[in-house]
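These notes are about the structure you will find just below.
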Protein chains: 2
Amino acid sequence: MQTSNKLYKFKEELPLTSGQTLDGFELMVECYGNLNQEKNNAILLNHAFSGSHHAAGKHNGTLGWWDDFVGPNKILDTNKFFIVSANNIGSCFGSSGPISLDKNGKRYNADFPEISVKDWVQAQKLLADKLKIQTWKLVVGGSLGGMQSLQWAIDFPDMVEKVAIIAAAATVDSQNIALNEVEREVIRKDSYFYNGNYYEHGKVPTKGLKAARMLGHITYLSAQNMEQRFGRKLQDQQTKLDDTINFEVENYLQYQGGKFADVFDANSYILLTKVMDGFDPSAEYDNNLVKTFKNISAEMLIISFASDWMFPPARGKEMLKAAIKANKKCSFVEFEGAYGHDSFLYAEDNYPDTISTFLEGKL
Amino acid sequence: MQTSNKLYKFKEELPLTSGQTLDGFELMVECYGNLNQEKNNAILLNHAFSGSHHAAGKHNGTLGWWDDFVGPNKILDTNKFFIVSANNIGSCFGSSGPISLDKNGKRYNADFPEISVKDWVQAQKLLADKLKIQTWKLVVGGSLGGMQSLQWAIDFPDMVEKVAIIAAAATVDSQNIALNEVEREVIRKDSYFYNGNYYEHGKVPTKGLKAARMLGHITYLSAQNMEQRFGRKLQDQQTKLDDTINFEVENYLQYQGGKFADVFDANSYILLTKVMDGFDPSAEYDNNLVKTFKNISAEMLIISFASDWMFPPARGKEMLKAAIKANKKCSFVEFEGAYGHDSFLYAEDNYPDTISTFLEGKL
């Protein structure tokens with residue numbers, strides 16, 4: 001499947017939860033399949049932290065991050081459904097973010113306003129209006145995209161028929177915040193960071209961004225997965241990226257971190273980790289998740305992976321319990337997951353079937 | 001208890017497992033209690049990664065790291081035992097390490113040779129000779145100090161009557177290496193690191209060292225402990241260390257990291273994480289832990305903490321199983337531990353009693 005993206009421009013002001021306002025914004029969007037006449041076959045797909053709108057098919061030679069799931073005769077069947085995937089505000093893949101220009105033609109850099117998951121949902125609501133979509137058959141996403149899907153079901157209950165929240169949690173915990181803070185710290189303290197105004201100095205803080213991603217990458221894998229894949233295997237001399245490396249796992253992380261640092265933006269990295277840390281839909285409802293979930297009309301599916309260190313199944317069950325107490329229709333399914341937190345990306349085990357069954361109303 | 005330290009100088013060459021040689025070395029040592037006439041009441045205490053010889057009592061107003069356990073009428077009773085605690089080679093608290101001068105009066109910096117746990121044991125053997133100690137009643141330590149205690153029991157079976165290996169493992173796993181590599185990366189990429197020769201440039205890479213410690217600190221705590229202690233509590237405005245901070249846990253890590261960076265040496269940090277990564281006593285015995293443990297004569301006690309994320313109880317049981325297969329006398333005790341990996345530092349639950357009982361031969 002060949003895909004193409006489209007930039008949607010919004011001239012209206014977007015009031016943000018921080019109290020600030022975006023004077024217009026842009027969303028880079030990919031769509032797959034066709035919206036039917038009744039406009040009742042639309043699915044909204046939300047990407048994770050470092051993901052983008054490019055979820056499926058080939059674009060410039062690169063397969064989308066959920067290509068296993070999205071396409072003709074796949075789980076999210078493009079012969080039946082119209083699937084919308086937008087890069088989130090604050091990211092660096094085409095939508096408005098720190099690398100964009102403000103209304104005066106000046107690059108935002110570190111001055112891009114503070115963003116929340118609620119803001120993303122508001123922006124996507126305006127996108128839905130533009131696309132003449134009044135209800136989503138399904139809103140689905142993994143990790144931060146799962147959190148965003150949950151926020152949709154809470155904020156626009158009449159628009160969401162079903163919601164699938166995968167490898168996610170109702171908030172991040174103290175350890176997640178702590179790890180994110182270390183990642184931000186190493187970026188901020190890169191001597192090329194210049195308080196976020198690095199482009200104005202003709203520099204990019206790739207060293208800090210690389211180290212931050214190395215740490216992030218560890219949190220996406222399980223200890224068991226790393227042990228099976230790398231164990232204590234030594235890196236052979238010829239392919240060492242650096243003389244200081246002894247073990248394969250070090251070389252792997254150096255490579256992955258370096259690759260990421262070449263394509264991602266440091267201010268976006270800081271901003272998006274803050275979005276994740278700040279996510280807490282219950283904050284508007286007396287910090288009571290049951291009360292929060294009472295708002296939801298959608299049928300809910302929560303999927304957790306036992307090998308997920310970031311959001312282990314206990315965090316999925318926490319949402320299930322709140323849904324039960326709020327008297328909502330909610331299924332919870334746990335898979336082992338061979339890839340830790342990243343298991344949500346791979347069509348393995350009965351995980352894809354579970355989503356199909358849910359979508360067909362048979363769960 | 002007031003304590004004082006003493007610098008022991010060794011003029012002999014110390015051949016290292018790396019193939020290099022140290023032309024003499026120094027050990028900074030604290031001793032508690034008195035060696036009896038029969039010289040059969042000596043205990044060797046091994047410190048963890050960032051610890052020092054200062055294990056008990058007050059020195060310059062600071063209590064030692066295991067003061068809960070070491071002193072008159074304490075678990076390691078200084079009325080009965082003579083306890084020896086030495087700063088390890090490669091560290092930065094008085095023993096030979098990167099900040100020391102070589103035989104030409106030049107600071108080692110990054111050129112300090114690669115060190116192993118076996119080298120530490122060899123150096124301590126020379127210290128035992130100097131102190132006229134032929135057998136240790138007990139060799140004990142937590143974390144990296146537990147690994148060092150295990151290496152003692154393997155390398156000098158005739159000298160070790162009992163060994164207590166606490167919050168440790170027979171090797172570090174792939175995830176531990178990965179996290180250590182991120183810590184090294186952020187130090188090496190500090191613009192003040194200068195390939196480890198920072199003192200020659202009149203600089204110190206405190207930013208990198210601080211971030212490294214922030215990450216290390218997270219691995220010493222359990223997710224549950226952090227959740228209970230900090231949760232998602234916001235930091236109040238007055239006591240924020242930085243404007244970018246939102247949550248208490250961020251402030252806490254910033255504070256801890258900063259404090260550590262003021263006293264520790266960056267080259268030592270890199271060197272000591274490499275010591276930890278490289279620890280693998282079975283490497284000399286066909287990578288067979290059972291075969292390795294066949295060497296041991298000491299009675300063994302292995303203590304793990306359920307909340308320990310770094311070396312969880314499964315890693316303790318791995319050693320227990322090898323000990324059983326090697327037909328050794330070995331006890332394994334698991335505690336919940338309120339402080340994650342750091343639980344080995346605190347005299348809580350039945351943990352201290354377990355060590356007493358073991359020492360008295362009643363376990």
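Letters A, B, ... go to the chains of the structure tokens in the order shown; residues in each chain start at 1; ligands are counted from 1 in the same order.
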
Exercise. Would you mind listing what lies within 7 Å of B:Ala55 as a PyMOL selection string, with only C-alpha atoms counted and same-chain residues fewer than 4 positions away left out?
Key: chain B and resi 64-67+85

Output the selection as a compact mmCIF listing (two decimals), in the first residue's frame - C-alpha atoms for each residue.
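Final output, selection_33.txt:
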```
# COMPACT_ATOMS: atom_id res chain seq x y z
CA GLY B 64 29.39 5.15 58.11
CA TRP B 65 27.15 3.46 55.52
CA TRP B 66 26.56 0.33 57.66
CA ASP B 67 26.58 1.94 61.08
CA SER B 85 36.70 -2.15 55.65
```

Exercise. Could you find all residues in stretch 161-198 of chain B that DSSP calls strand (DSSP E) from the backbone, and write them as number ranges by chain?
Key: B: 162-166

Quiz prompt | Computed interatomic separation between atom CA of A:Leu44 and atom CA of A:Phe112 (Å) | solution = 25.6 Å

Between chain A and chain B, at 8 Å or less, what are the per-residue closest atom pairs and their distances in Å? Count only C-alpha atoms, order by chain and rising residue number, and return it as a tab-separated table.
```
residue	atom	partner	partner_atom	distance
A:Asp173	CA	B:Gly231	CA	6.4
A:Ser174	CA	B:Gly231	CA	5.0
A:Gln175	CA	B:Ala223	CA	5.4
A:Ile177	CA	B:Glu250	CA	7.3
A:Ala178	CA	B:Glu250	CA	5.9
A:Leu179	CA	B:Leu215	CA	7.0
A:Glu181	CA	B:Glu250	CA	6.2
A:Val182	CA	B:Ala211	CA	6.2
A:Glu185	CA	B:Ala211	CA	6.5
A:Val186	CA	B:Ala211	CA	6.3
A:Lys189	CA	B:Lys207	CA	6.6
A:Asp190	CA	B:Asp190	CA	6.9
A:Ser191	CA	B:Ser191	CA	6.4
A:Lys207	CA	B:Lys189	CA	6.5
A:Gly208	CA	B:Val186	CA	7.3
A:Ala211	CA	B:Val182	CA	6.1
A:Met214	CA	B:Val182	CA	6.4
A:Leu215	CA	B:Val182	CA	6.3
A:Ile218	CA	B:Ala178	CA	7.1
A:Ala223	CA	B:Gln175	CA	5.5
A:Met226	CA	B:Ser174	CA	5.8
A:Glu227	CA	B:Ser174	CA	5.2
A:Phe230	CA	B:Ser174	CA	6.4
A:Gly231	CA	B:Ser174	CA	5.0
A:Arg232	CA	B:Ser174	CA	6.0
A:Phe247	CA	B:Ile177	CA	7.9
A:Val249	CA	B:Ala178	CA	6.2
A:Glu250	CA	B:Ala178	CA	5.9
A:Leu253	CA	B:Ala178	CA	7.4
```

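Picture a line from atom CA of A:Trp120 to atom CA of A:Phe82; it runs 20.1 Å.
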
Practice problem: Rank nothing, just name the residue among B:Ser331, B:Ser304, B:Ser4, B:Asn40 nearest to B:Gly61, using only C-alpha atoms. | Solution: B:Ser4
